[in-house]
Every structure is written in C-alpha cells, then in structure tokens.
Amino acid sequence: MGADKADTSTNDTLPTTSSSTSDVIDITIHPLVLLSATDHYHRVARGTRKRAVGVLLGSASRGRIDATNSFAVPFEEDSKNSSVFYLDHNYLENMLAMFRKVHAKERVVGFYSTGPQIRPNDLRIHEMVQRFVPAGTVTPPVFVIIDVRPDRESIPTTAYRVVEEVDSNVPQGGNKSGGGAAEVRKSFAHVPSLIGAMEAEEVGVEHLLRDINDPTVSTVANLVKAKLSGLSTLTEKLVEMKDYLTAVSEGRMKANAEIIANMQAIVNLLPNLNVEELVRSMLVKNNDMHMVIYLSALIRCVIALHDLVRNKIAFNNEVGDGLGVIKEKKAEKRDAGEEKKEDDGDSKKAAKKKSP
C-alpha cells in the first residue's frame, strides 16, 4: 500500500501536511555529495536503466540538515519485478564504522538515489537506512534524488521526507463491526533542498570550474542561455501544476488545501495582460528592441562590405606591379606581330613588281 502511494506522489513537489512531531525544515547538499553521486553513477549505471543508491552523512540541528559527505552502497533491483531488490547491509555497516573513525561528528542523515523519479522500493530502503540512525535522534532521515543528467537546467536535487497519513477510505466489508476502518499509510512529502558550500569547498569548486568553463562563449550567450533555462523551468512547473489539478479533478489524487493555496498565490502574482497601458508599453518596448536589432544588423553588413572593398583594393595594390609587367609583355608581343605582318606585306609587294 505504501509503495503505491509513493509512486503516485512522484511529481508532487509542493509541501504536504505531516502528522509527525519532528519536522524537517530543509536540507543543504554540499558539492562533495554531488561529485560522489555523479562518480558513483558513471561507474556502475552509466548507459543503462539502473540507478545508483548511497548513504548521506552529515549533521542536523533544529530541523535543518547538512549533507556534507556520502558513500556508495552496492544496490541491485529487478527490472521486471519492482518489489525485488538487494542492498548490502554488511558493506553499509563496515563503511559507516570506518567513517566514524575519521569523522566522529558525522552521522547518517538519509540516503540518495539517481532516480530520476521515486521508485516503489524507496520506502523500504528508507526503513532500512533508518535502522542506522543513532538512537535518540529527533530529525528523521531524508531521501534525496540527485539527477545526474547533463541537460537538466534547474537544481539537480529533490528532497523528500516520510509522512504518515490516515486513510479512512477502506471498504466496510472487511471490518466485522460494519464500520469503516482507518488505515495509516506512509508516503513521501517534499522538503526544500539547497546547494551550499563552505569556504574550502568553494575554492575546490572554482578550481574544477576553471577546466570546465568555455572562454569562447560570450557574456551575451550566457545571458540568453540563462533566460532560456528560466523559461524552460517555468514551463515545467506550470505543466506540473496542471497535471496535479487534472489528477485532483479526475479523483486520482486527494485535494490538498495548502497546495491549492500556494497555486492561488502564484496565479495572483501574475500580471494582468488585459490592461491597455501594459499592453502598449510591452509593444513599445518590443518594437524598440527589434529596431536596435535591425540597425545592428544593417551596421554589421555595411562594415562587412567596407572591409571587403578595402581588402580588394589592398590586394590590387599588392599584385598591381606584376599585372603591369604582364600587360607590357603582351603589348610588346602584339607590336612585334604587327611589325612582322607589315614586313611580310612589303616583301610580297616587291616580289609582284619583279615578276611582270
């Protein structure tokens, strides 16, 4: 039952009410975790439909989790039967013991997966990882999906926590007393995730980005790319909201008052495009921008033609002497041919006079 609920809440990335007393406010993912997860995926699952699973280490304080480190765990799951999977407990215990010797303050704060979506086994994996959380810990472990696809434009992390919901929609026939029985179901609820780094980590990331940065790309191209990235992310979020409302209207998902209130607040922030002054100002701004683009294209064409003419003149000046010599030689040959023809004509006339 819980696995089915986890599968239906894959695209639910908005806050969901929780019945647990200990709540997770947010989780901060550090660069070392992203690098380790990406390396893990490229080593064991690149080019396949598999995913990589590992354990997150860090600290938690007042509901805020810092995932500063991680390590990979041998994991396999059956592609045909989603309920069959293997996770090496002995390896996890040995690695955790070695990490405690090096970093005593780090503890298990959750686990990660390269997803890119929630799988039915994730609730069972969460229960297994929860066994390794130190006793007396208030903040529960979290589940983080790290999307390693290079074409992703937004933040590559999506975090979830496990919540318990009471579902009273149980058939009455199964209850001997004849009344409806309440059932507790576990599901994943979204948790805000952040990308953070300490000073030493920022220095290391800057050194890595020096090798990745392309100096041939101009600043304008980066700005245009950022705008396109923002628009694509906005489109994804709007489609996600549309799918959620469609599922609620069709009865496939329960209506959540907090989610609907957030959607209403987002819609209220949109500008009213029916105002004549706003439409006119947008049209004027758009015409001005297109005029600048048109004039820039004309100036670029004129400059290109000017450079072409200058190159042609310079080329003619450089090879002009050689062309003059060739023309003089051609003129001398032509004059010599004309003189030879005149001599031949005079000799023919003299021969005619001698033979009467």
# chains A, B, ... in the order shown; residues from 1 in each chain; ligands from 1
call {"tool": "select_by_dssp", "arguments": {"residues": "range 77-305 of chain A", "states": "helix (DSSP H, G or I)", "output": "PyMOL selection string"}}
result
chain A and resi 89-102+122-130+172-174+199-212+219-249+257-268+276-305
call {"tool": "write_last_selection", "arguments": {"atoms": "C-alpha atoms", "output": "mmCIF file, in the first residue's frame"}}
result
data_model
loop_
_atom_site.group_PDB
_atom_site.id
_atom_site.type_symbol
_atom_site.label_atom_id
_atom_site.label_comp_id
_atom_site.auth_asym_id
_atom_site.auth_seq_id
_atom_site.Cartn_x
_atom_site.Cartn_y
_atom_site.Cartn_z
ATOM 1 C CA HIS A 89 23.884 -4.384 4.829
ATOM 2 C CA ASN A 90 27.344 -5.647 5.778
ATOM 3 C CA TYR A 91 29.055 -3.223 3.417
ATOM 4 C CA LEU A 92 26.984 -0.354 4.815
ATOM 5 C CA GLU A 93 27.890 -1.235 8.416
ATOM 6 C CA ASN A 94 31.621 -1.550 7.627
ATOM 7 C CA MET A 95 31.750 1.735 5.710
ATOM 8 C CA LEU A 96 29.820 3.540 8.423
ATOM 9 C CA ALA A 97 32.231 2.232 11.081
ATOM 10 C CA MET A 98 35.246 3.466 9.081
ATOM 11 C CA PHE A 99 33.687 6.880 8.524
ATOM 12 C CA ARG A 100 33.027 7.204 12.255
ATOM 13 C CA LYS A 101 36.741 6.709 12.929
ATOM 14 C CA VAL A 102 37.596 9.599 10.575
ATOM 15 C CA ASP A 122 12.302 3.713 -1.851
ATOM 16 C CA LEU A 123 10.009 3.438 1.180
ATOM 17 C CA ARG A 124 11.535 0.062 2.076
ATOM 18 C CA ILE A 125 15.059 1.414 1.571
ATOM 19 C CA HIS A 126 14.153 4.314 3.856
ATOM 20 C CA GLU A 127 13.122 1.857 6.582
ATOM 21 C CA MET A 128 16.454 0.030 6.245
ATOM 22 C CA VAL A 129 18.511 3.215 6.390
ATOM 23 C CA GLN A 130 16.545 4.388 9.427
ATOM 24 C CA GLN A 172 -16.531 -1.633 5.145
ATOM 25 C CA GLY A 173 -16.900 -5.282 4.211
ATOM 26 C CA GLY A 174 -13.504 -6.125 5.646
ATOM 27 C CA GLU A 199 34.836 28.262 2.078
ATOM 28 C CA ALA A 200 37.212 25.368 1.410
ATOM 29 C CA GLU A 201 34.614 23.658 -0.782
ATOM 30 C CA GLU A 202 34.021 26.849 -2.768
ATOM 31 C CA VAL A 203 37.745 27.073 -3.551
ATOM 32 C CA GLY A 204 37.779 23.480 -4.782
ATOM 33 C CA VAL A 205 34.698 24.016 -6.937
ATOM 34 C CA GLU A 206 36.262 27.119 -8.501
ATOM 35 C CA HIS A 207 39.352 25.126 -9.463
ATOM 36 C CA LEU A 208 37.170 22.465 -11.057
ATOM 37 C CA LEU A 209 35.130 25.028 -12.981
ATOM 38 C CA ARG A 210 38.288 26.530 -14.483
ATOM 39 C CA ASP A 211 38.736 23.380 -16.548
ATOM 40 C CA ILE A 212 35.044 23.218 -17.489
ATOM 41 C CA THR A 219 28.554 37.066 -21.975
ATOM 42 C CA VAL A 220 25.510 37.697 -24.157
ATOM 43 C CA ALA A 221 25.303 33.991 -24.983
ATOM 44 C CA ASN A 222 25.410 33.135 -21.269
ATOM 45 C CA LEU A 223 22.623 35.625 -20.555
ATOM 46 C CA VAL A 224 20.451 34.210 -23.327
ATOM 47 C CA LYS A 225 21.116 30.682 -22.083
ATOM 48 C CA ALA A 226 20.121 31.690 -18.558
ATOM 49 C CA LYS A 227 16.872 33.238 -19.852
ATOM 50 C CA LEU A 228 16.051 30.080 -21.821
ATOM 51 C CA SER A 229 16.830 27.955 -18.786
ATOM 52 C CA GLY A 230 14.497 30.026 -16.611
ATOM 53 C CA LEU A 231 11.682 29.845 -19.153
ATOM 54 C CA SER A 232 12.050 26.070 -19.536
ATOM 55 C CA THR A 233 11.958 25.616 -15.763
ATOM 56 C CA LEU A 234 8.853 27.820 -15.534
ATOM 57 C CA THR A 235 7.196 25.708 -18.229
ATOM 58 C CA GLU A 236 7.976 22.509 -16.324
ATOM 59 C CA LYS A 237 6.479 23.899 -13.115
ATOM 60 C CA LEU A 238 3.321 25.100 -14.877
ATOM 61 C CA VAL A 239 2.863 21.697 -16.530
ATOM 62 C CA GLU A 240 3.378 20.048 -13.141
ATOM 63 C CA MET A 241 0.681 22.254 -11.596
ATOM 64 C CA LYS A 242 -1.662 21.470 -14.480
ATOM 65 C CA ASP A 243 -1.118 17.716 -14.080
ATOM 66 C CA TYR A 244 -1.816 17.952 -10.349
ATOM 67 C CA LEU A 245 -5.073 19.877 -10.849
ATOM 68 C CA THR A 246 -6.136 17.425 -13.561
ATOM 69 C CA ALA A 247 -5.461 14.475 -11.252
ATOM 70 C CA VAL A 248 -7.459 16.124 -8.443
ATOM 71 C CA SER A 249 -10.392 16.905 -10.728
ATOM 72 C CA ALA A 257 -5.628 22.828 0.704
ATOM 73 C CA GLU A 258 -2.042 24.047 1.203
ATOM 74 C CA ILE A 259 -1.016 23.145 -2.347
ATOM 75 C CA ILE A 260 -4.080 24.822 -3.841
ATOM 76 C CA ALA A 261 -3.457 27.922 -1.711
ATOM 77 C CA ASN A 262 0.130 28.117 -2.999
ATOM 78 C CA MET A 263 -1.118 27.818 -6.576
ATOM 79 C CA GLN A 264 -3.649 30.597 -5.977
ATOM 80 C CA ALA A 265 -0.896 32.832 -4.558
ATOM 81 C CA ILE A 266 1.281 32.151 -7.613
ATOM 82 C CA VAL A 267 -1.578 32.958 -10.007
ATOM 83 C CA ASN A 268 -2.353 36.174 -8.134
ATOM 84 C CA GLU A 276 -4.289 48.667 -22.230
ATOM 85 C CA GLU A 277 -1.362 50.638 -20.791
ATOM 86 C CA LEU A 278 0.604 47.478 -20.005
ATOM 87 C CA VAL A 279 -0.017 46.053 -23.481
ATOM 88 C CA ARG A 280 1.033 49.314 -25.130
ATOM 89 C CA SER A 281 4.209 49.601 -23.036
ATOM 90 C CA MET A 282 5.163 45.995 -23.875
ATOM 91 C CA LEU A 283 4.601 46.631 -27.585
ATOM 92 C CA VAL A 284 6.691 49.814 -27.498
ATOM 93 C CA LYS A 285 9.490 48.026 -25.645
ATOM 94 C CA ASN A 286 9.363 45.136 -28.093
ATOM 95 C CA ASN A 287 9.467 47.488 -31.121
ATOM 96 C CA ASP A 288 12.419 49.380 -29.665
ATOM 97 C CA MET A 289 14.365 46.161 -29.123
ATOM 98 C CA HIS A 290 13.643 44.941 -32.652
ATOM 99 C CA MET A 291 14.663 48.338 -34.061
ATOM 100 C CA VAL A 292 18.005 48.084 -32.271
ATOM 101 C CA ILE A 293 18.495 44.558 -33.615
ATOM 102 C CA TYR A 294 17.620 45.717 -37.165
ATOM 103 C CA LEU A 295 20.010 48.684 -37.039
ATOM 104 C CA SER A 296 22.758 46.480 -35.621
ATOM 105 C CA ALA A 297 22.321 44.021 -38.489
ATOM 106 C CA LEU A 298 22.489 46.859 -41.058
ATOM 107 C CA ILE A 299 25.629 48.325 -39.485
ATOM 108 C CA ARG A 300 27.233 44.892 -39.413
ATOM 109 C CA CYS A 301 26.501 44.379 -43.135
ATOM 110 C CA VAL A 302 27.885 47.830 -44.047
ATOM 111 C CA ILE A 303 31.066 47.217 -42.064
ATOM 112 C CA ALA A 304 31.493 43.801 -43.698
ATOM 113 C CA LEU A 305 31.109 45.304 -47.198
#
call {"tool": "residues_around", "arguments": {"residues": "range 58-72 of chain A", "least_positions_apart": "4", "cutoff": "10 Å", "atoms": "only C-alpha atoms", "output": "JSON, numbers by chain"}}
result
{"A": [22, 23, 24, 25, 26, 27, 28, 29, 30, 31, 32, 33, 34, 35, 36, 37, 39, 40, 41, 52, 53, 54, 91, 92, 95, 96, 99, 103, 105, 106, 107, 108, 109, 110, 111, 112, 113, 137, 138, 139, 140, 141, 142, 193, 194, 195, 196, 197, 198]}
call {"tool": "select_by_dssp", "arguments": {"residues": "range 55-263 of chain A", "states": "strand (DSSP E)", "output": "PDB file with N, CA and C atoms, in the first residue's frame"}}
result
ATOM      1  N   VAL A  55      24.419   6.386   0.826  1.00  0.00           N
ATOM      2  CA  VAL A  55      24.036   6.894   2.134  1.00  0.00           C
ATOM      3  C   VAL A  55      24.580   8.308   2.302  1.00  0.00           C
ATOM      4  N   LEU A  56      23.755   9.196   2.864  1.00  0.00           N
ATOM      5  CA  LEU A  56      24.146  10.573   3.126  1.00  0.00           C
ATOM      6  C   LEU A  56      24.615  10.706   4.569  1.00  0.00           C
ATOM      7  N   LEU A  57      25.718  11.403   4.749  1.00  0.00           N
ATOM      8  CA  LEU A  57      26.276  11.671   6.072  1.00  0.00           C
ATOM      9  C   LEU A  57      26.308  13.177   6.308  1.00  0.00           C
ATOM     10  N   GLY A  58      26.155  13.565   7.567  1.00  0.00           N
ATOM     11  CA  GLY A  58      26.206  14.985   7.887  1.00  0.00           C
ATOM     12  C   GLY A  58      25.733  15.228   9.298  1.00  0.00           C
ATOM     13  N   SER A  59      25.067  16.358   9.471  1.00  0.00           N
ATOM     14  CA  SER A  59      24.580  16.756  10.788  1.00  0.00           C
ATOM     15  C   SER A  59      23.210  17.393  10.634  1.00  0.00           C
ATOM     16  N   ALA A  60      22.491  17.474  11.753  1.00  0.00           N
ATOM     17  CA  ALA A  60      21.153  18.065  11.762  1.00  0.00           C
ATOM     18  C   ALA A  60      20.992  18.896  13.020  1.00  0.00           C
ATOM     19  N   SER A  61      20.331  20.029  12.872  1.00  0.00           N
ATOM     20  CA  SER A  61      20.103  20.918  14.005  1.00  0.00           C
ATOM     21  C   SER A  61      18.793  21.659  13.801  1.00  0.00           C
ATOM     22  N   ARG A  64      17.079  21.417  10.423  1.00  0.00           N
ATOM     23  CA  ARG A  64      17.866  21.760   9.234  1.00  0.00           C
ATOM     24  C   ARG A  64      19.011  20.764   9.099  1.00  0.00           C
ATOM     25  N   ILE A  65      19.075  20.108   7.953  1.00  0.00           N
ATOM     26  CA  ILE A  65      20.042  19.040   7.722  1.00  0.00           C
ATOM     27  C   ILE A  65      21.128  19.541   6.783  1.00  0.00           C
ATOM     28  N   ASP A  66      22.387  19.209   7.104  1.00  0.00           N
ATOM     29  CA  ASP A  66      23.533  19.496   6.245  1.00  0.00           C
ATOM     30  C   ASP A  66      24.137  18.173   5.814  1.00  0.00           C
ATOM     31  N   ALA A  67      24.014  17.839   4.535  1.00  0.00           N
ATOM     32  CA  ALA A  67      24.611  16.619   3.977  1.00  0.00           C
ATOM     33  C   ALA A  67      25.984  16.973   3.425  1.00  0.00           C
ATOM     34  N   THR A  68      27.009  16.701   4.208  1.00  0.00           N
ATOM     35  CA  THR A  68      28.377  17.095   3.852  1.00  0.00           C
ATOM     36  C   THR A  68      29.182  15.982   3.203  1.00  0.00           C
ATOM     37  N   ASN A  69      28.737  14.737   3.327  1.00  0.00           N
ATOM     38  CA  ASN A  69      29.519  13.622   2.797  1.00  0.00           C
ATOM     39  C   ASN A  69      28.572  12.488   2.435  1.00  0.00           C
ATOM     40  N   SER A  70      29.098  11.510   1.718  1.00  0.00           N
ATOM     41  CA  SER A  70      28.279  10.365   1.312  1.00  0.00           C
ATOM     42  C   SER A  70      29.192   9.229   0.889  1.00  0.00           C
ATOM     43  N   PHE A  71      28.631   8.047   0.780  1.00  0.00           N
ATOM     44  CA  PHE A  71      29.371   6.910   0.229  1.00  0.00           C
ATOM     45  C   PHE A  71      28.380   5.988  -0.482  1.00  0.00           C
ATOM     46  N   ALA A  72      28.902   5.299  -1.488  1.00  0.00           N
ATOM     47  CA  ALA A  72      28.074   4.425  -2.317  1.00  0.00           C
ATOM     48  C   ALA A  72      27.807   3.108  -1.607  1.00  0.00           C
ATOM     49  N   PHE A  75      23.918  -1.913  -4.723  1.00  0.00           N
ATOM     50  CA  PHE A  75      22.460  -1.963  -4.819  1.00  0.00           C
ATOM     51  C   PHE A  75      22.067  -2.534  -6.169  1.00  0.00           C
ATOM     52  N   GLU A  76      21.109  -3.449  -6.155  1.00  0.00           N
ATOM     53  CA  GLU A  76      20.560  -4.036  -7.375  1.00  0.00           C
ATOM     54  C   GLU A  76      19.062  -4.203  -7.186  1.00  0.00           C
ATOM     55  N   GLU A  77      18.314  -4.036  -8.277  1.00  0.00           N
ATOM     56  CA  GLU A  77      16.875  -4.268  -8.246  1.00  0.00           C
ATOM     57  C   GLU A  77      16.434  -4.891  -9.552  1.00  0.00           C
ATOM     58  N   PHE A  85      14.708  -6.332  -4.635  1.00  0.00           N
ATOM     59  CA  PHE A  85      15.924  -5.526  -4.698  1.00  0.00           C
ATOM     60  C   PHE A  85      16.916  -6.067  -3.677  1.00  0.00           C
ATOM     61  N   TYR A  86      18.162  -5.633  -3.816  1.00  0.00           N
ATOM     62  CA  TYR A  86      19.234  -6.096  -2.925  1.00  0.00           C
ATOM     63  C   TYR A  86      20.053  -4.889  -2.498  1.00  0.00           C
ATOM     64  N   LEU A  87      20.274  -4.776  -1.179  1.00  0.00           N
ATOM     65  CA  LEU A  87      21.115  -3.734  -0.613  1.00  0.00           C
ATOM     66  C   LEU A  87      22.050  -4.387   0.414  1.00  0.00           C
ATOM     67  N   ARG A 107      26.917  11.722  11.032  1.00  0.00           N
ATOM     68  CA  ARG A 107      26.008  10.598  11.228  1.00  0.00           C
ATOM     69  C   ARG A 107      25.146  10.426   9.990  1.00  0.00           C
ATOM     70  N   VAL A 108      24.392   9.357   9.980  1.00  0.00           N
ATOM     71  CA  VAL A 108      23.509   9.093   8.843  1.00  0.00           C
ATOM     72  C   VAL A 108      22.322  10.047   8.898  1.00  0.00           C
ATOM     73  N   VAL A 109      22.136  10.808   7.806  1.00  0.00           N
ATOM     74  CA  VAL A 109      21.015  11.753   7.732  1.00  0.00           C
ATOM     75  C   VAL A 109      20.015  11.369   6.635  1.00  0.00           C
ATOM     76  N   GLY A 110      20.308  10.287   5.901  1.00  0.00           N
ATOM     77  CA  GLY A 110      19.393   9.861   4.850  1.00  0.00           C
ATOM     78  C   GLY A 110      20.118   9.061   3.790  1.00  0.00           C
ATOM     79  N   PHE A 111      19.496   8.950   2.634  1.00  0.00           N
ATOM     80  CA  PHE A 111      20.113   8.248   1.509  1.00  0.00           C
ATOM     81  C   PHE A 111      19.755   8.970   0.218  1.00  0.00           C
ATOM     82  N   TYR A 112      20.543   8.707  -0.809  1.00  0.00           N
ATOM     83  CA  TYR A 112      20.319   9.347  -2.100  1.00  0.00           C
ATOM     84  C   TYR A 112      20.105   8.292  -3.180  1.00  0.00           C
ATOM     85  N   SER A 113      19.512   8.727  -4.264  1.00  0.00           N
ATOM     86  CA  SER A 113      19.292   7.890  -5.440  1.00  0.00           C
ATOM     87  C   SER A 113      19.382   8.773  -6.671  1.00  0.00           C
ATOM     88  N   VAL A 142      16.175  11.651   5.520  1.00  0.00           N
ATOM     89  CA  VAL A 142      15.520  12.152   4.322  1.00  0.00           C
ATOM     90  C   VAL A 142      15.956  11.326   3.113  1.00  0.00           C
ATOM     91  N   PHE A 143      15.217  11.479   2.056  1.00  0.00           N
ATOM     92  CA  PHE A 143      15.508  10.818   0.787  1.00  0.00           C
ATOM     93  C   PHE A 143      15.747  11.898  -0.259  1.00  0.00           C
ATOM     94  N   VAL A 144      16.915  11.864  -0.917  1.00  0.00           N
ATOM     95  CA  VAL A 144      17.297  12.890  -1.890  1.00  0.00           C
ATOM     96  C   VAL A 144      17.503  12.225  -3.247  1.00  0.00           C
ATOM     97  N   ILE A 145      16.844  12.761  -4.257  1.00  0.00           N
ATOM     98  CA  ILE A 145      17.060  12.320  -5.637  1.00  0.00           C
ATOM     99  C   ILE A 145      18.045  13.284  -6.283  1.00  0.00           C
ATOM    100  N   ILE A 146      19.179  12.769  -6.726  1.00  0.00           N
ATOM    101  CA  ILE A 146      20.206  13.569  -7.391  1.00  0.00           C
ATOM    102  C   ILE A 146      20.163  13.238  -8.874  1.00  0.00           C
ATOM    103  N   THR A 157      18.823  18.481  -7.321  1.00  0.00           N
ATOM    104  CA  THR A 157      18.433  17.730  -6.132  1.00  0.00           C
ATOM    105  C   THR A 157      16.963  17.961  -5.810  1.00  0.00           C
ATOM    106  N   THR A 158      16.310  16.887  -5.377  1.00  0.00           N
ATOM    107  CA  THR A 158      14.931  16.946  -4.904  1.00  0.00           C
ATOM    108  C   THR A 158      14.850  16.094  -3.648  1.00  0.00           C
ATOM    109  N   ALA A 159      14.440  16.689  -2.541  1.00  0.00           N
ATOM    110  CA  ALA A 159      14.450  16.009  -1.248  1.00  0.00           C
ATOM    111  C   ALA A 159      13.030  15.682  -0.797  1.00  0.00           C
ATOM    112  N   TYR A 160      12.927  14.567  -0.056  1.00  0.00           N
ATOM    113  CA  TYR A 160      11.640  14.119   0.468  1.00  0.00           C
ATOM    114  C   TYR A 160      11.826  13.609   1.895  1.00  0.00           C
ATOM    115  N   ARG A 161      10.754  13.668   2.644  1.00  0.00           N
ATOM    116  CA  ARG A 161      10.694  13.054   3.969  1.00  0.00           C
ATOM    117  C   ARG A 161       9.474  12.140   4.006  1.00  0.00           C
ATOM    118  N   VAL A 162       9.481  11.195   4.919  1.00  0.00           N
ATOM    119  CA  VAL A 162       8.384  10.233   5.030  1.00  0.00           C
ATOM    120  C   VAL A 162       7.346  10.771   6.018  1.00  0.00           C
ATOM    121  N   VAL A 163       6.094  10.773   5.609  1.00  0.00           N
ATOM    122  CA  VAL A 163       4.986  11.207   6.465  1.00  0.00           C
ATOM    123  C   VAL A 163       3.967  10.083   6.533  1.00  0.00           C
ATOM    124  N   GLU A 164       3.201  10.095   7.584  1.00  0.00           N
ATOM    125  CA  GLU A 164       2.134   9.120   7.783  1.00  0.00           C
ATOM    126  C   GLU A 164       0.796   9.815   7.634  1.00  0.00           C
ATOM    127  N   GLU A 165      -0.055   9.239   6.812  1.00  0.00           N
ATOM    128  CA  GLU A 165      -1.381   9.791   6.563  1.00  0.00           C
ATOM    129  C   GLU A 165      -2.426   8.752   6.920  1.00  0.00           C
ATOM    130  N   VAL A 166      -3.497   9.215   7.493  1.00  0.00           N
ATOM    131  CA  VAL A 166      -4.597   8.340   7.874  1.00  0.00           C
ATOM    132  C   VAL A 166      -5.620   8.330   6.750  1.00  0.00           C
ATOM    133  N   ASP A 167      -5.867   7.149   6.199  1.00  0.00           N
ATOM    134  CA  ASP A 167      -6.803   6.990   5.092  1.00  0.00           C
ATOM    135  C   ASP A 167      -8.016   6.212   5.602  1.00  0.00           C
ATOM    136  N   GLU A 183      -6.780   3.471   8.092  1.00  0.00           N
ATOM    137  CA  GLU A 183      -5.502   2.823   7.798  1.00  0.00           C
ATOM    138  C   GLU A 183      -4.423   3.888   7.682  1.00  0.00           C
ATOM    139  N   VAL A 184      -3.260   3.613   8.247  1.00  0.00           N
ATOM    140  CA  VAL A 184      -2.136   4.535   8.217  1.00  0.00           C
ATOM    141  C   VAL A 184      -1.245   4.166   7.038  1.00  0.00           C
ATOM    142  N   ARG A 185      -1.009   5.123   6.189  1.00  0.00           N
ATOM    143  CA  ARG A 185      -0.165   4.924   5.020  1.00  0.00           C
ATOM    144  C   ARG A 185       1.044   5.847   5.089  1.00  0.00           C
ATOM    145  N   LYS A 186       2.158   5.354   4.606  1.00  0.00           N
ATOM    146  CA  LYS A 186       3.376   6.150   4.527  1.00  0.00           C
ATOM    147  C   LYS A 186       3.591   6.622   3.096  1.00  0.00           C
ATOM    148  N   SER A 187       4.019   7.846   2.973  1.00  0.00           N
ATOM    149  CA  SER A 187       4.282   8.412   1.652  1.00  0.00           C
ATOM    150  C   SER A 187       5.392   9.448   1.775  1.00  0.00           C
ATOM    151  N   PHE A 188       5.879   9.913   0.646  1.00  0.00           N
ATOM    152  CA  PHE A 188       6.938  10.915   0.617  1.00  0.00           C
ATOM    153  C   PHE A 188       6.331  12.300   0.445  1.00  0.00           C
ATOM    154  N   ALA A 189       6.846  13.239   1.228  1.00  0.00           N
ATOM    155  CA  ALA A 189       6.457  14.649   1.116  1.00  0.00           C
ATOM    156  C   ALA A 189       7.689  15.477   0.784  1.00  0.00           C
ATOM    157  N   HIS A 190       7.493  16.490  -0.010  1.00  0.00           N
ATOM    158  CA  HIS A 190       8.616  17.289  -0.492  1.00  0.00           C
ATOM    159  C   HIS A 190       9.234  18.119   0.622  1.00  0.00           C
ATOM    160  N   VAL A 191      10.567  18.242   0.580  1.00  0.00           N
ATOM    161  CA  VAL A 191      11.333  19.067   1.511  1.00  0.00           C
ATOM    162  C   VAL A 191      12.199  20.028   0.693  1.00  0.00           C
ATOM    163  N   SER A 193      15.227  21.818  -0.781  1.00  0.00           N
ATOM    164  CA  SER A 193      16.645  21.454  -0.840  1.00  0.00           C
ATOM    165  C   SER A 193      17.462  22.635  -1.341  1.00  0.00           C
ATOM    166  N   LEU A 194      18.651  22.805  -0.777  1.00  0.00           N
ATOM    167  CA  LEU A 194      19.548  23.896  -1.124  1.00  0.00           C
ATOM    168  C   LEU A 194      20.911  23.334  -1.488  1.00  0.00           C
ATOM    169  N   ILE A 195      21.657  24.119  -2.249  1.00  0.00           N
ATOM    170  CA  ILE A 195      23.041  23.791  -2.577  1.00  0.00           C
ATOM    171  C   ILE A 195      23.931  24.770  -1.820  1.00  0.00           C
TER     172      ILE A 195
END
call {"tool": "atom_distance", "arguments": {"atom1": "CA of Gln117 in chain A", "atom2": "CA of Arg131 in chain A"}}
result
23.7 Å
call {"tool": "decode", "arguments": {"residues": "range 282-293 of chain A", "atoms": "N, CA, C and O atoms", "output": "JSON list (two decimals), in the first residue's frame"}}
result
[["chain", "number", "residue", "atom", "x", "y", "z"],
["A", 282, "MET", "N", 4.44, 47.19, -23.41],
["A", 282, "MET", "CA", 5.16, 45.99, -23.88],
["A", 282, "MET", "C", 5.41, 46.04, -25.38],
["A", 282, "MET", "O", 6.49, 45.67, -25.86],
["A", 283, "LEU", "N", 4.43, 46.52, -26.13],
["A", 283, "LEU", "CA", 4.60, 46.63, -27.59],
["A", 283, "LEU", "C", 5.68, 47.66, -27.94],
["A", 283, "LEU", "O", 6.51, 47.43, -28.83],
["A", 284, "VAL", "N", 5.67, 48.79, -27.24],
["A", 284, "VAL", "CA", 6.69, 49.81, -27.50],
["A", 284, "VAL", "C", 8.08, 49.28, -27.17],
["A", 284, "VAL", "O", 9.03, 49.47, -27.93],
["A", 285, "LYS", "N", 8.20, 48.60, -26.03],
["A", 285, "LYS", "CA", 9.49, 48.03, -25.65],
["A", 285, "LYS", "C", 9.95, 46.98, -26.65],
["A", 285, "LYS", "O", 11.12, 46.94, -27.05],
["A", 286, "ASN", "N", 9.02, 46.16, -27.12],
["A", 286, "ASN", "CA", 9.36, 45.14, -28.09],
["A", 286, "ASN", "C", 9.80, 45.76, -29.41],
["A", 286, "ASN", "O", 10.77, 45.32, -30.04],
["A", 287, "ASN", "N", 9.09, 46.82, -29.87],
["A", 287, "ASN", "CA", 9.47, 47.49, -31.12],
["A", 287, "ASN", "C", 10.84, 48.15, -31.01],
["A", 287, "ASN", "O", 11.64, 48.12, -31.95],
["A", 288, "ASP", "N", 11.11, 48.75, -29.85],
["A", 288, "ASP", "CA", 12.42, 49.38, -29.67],
["A", 288, "ASP", "C", 13.54, 48.35, -29.73],
["A", 288, "ASP", "O", 14.59, 48.58, -30.35],
["A", 289, "MET", "N", 13.34, 47.21, -29.10],
["A", 289, "MET", "CA", 14.37, 46.16, -29.12],
["A", 289, "MET", "C", 14.59, 45.63, -30.53],
["A", 289, "MET", "O", 15.73, 45.43, -30.96],
["A", 290, "HIS", "N", 13.49, 45.43, -31.28],
["A", 290, "HIS", "CA", 13.64, 44.94, -32.65],
["A", 290, "HIS", "C", 14.29, 46.00, -33.55],
["A", 290, "HIS", "O", 15.03, 45.65, -34.49],
["A", 291, "MET", "N", 14.02, 47.29, -33.29],
["A", 291, "MET", "CA", 14.66, 48.34, -34.06],
["A", 291, "MET", "C", 16.18, 48.33, -33.82],
["A", 291, "MET", "O", 16.98, 48.48, -34.76],
["A", 292, "VAL", "N", 16.57, 48.15, -32.58],
["A", 292, "VAL", "CA", 18.00, 48.08, -32.27],
["A", 292, "VAL", "C", 18.64, 46.88, -32.97],
["A", 292, "VAL", "O", 19.75, 46.98, -33.53],
["A", 293, "ILE", "N", 17.96, 45.75, -32.94],
["A", 293, "ILE", "CA", 18.50, 44.56, -33.62],
["A", 293, "ILE", "C", 18.62, 44.79, -35.12],
["A", 293, "ILE", "O", 19.61, 44.41, -35.76]]
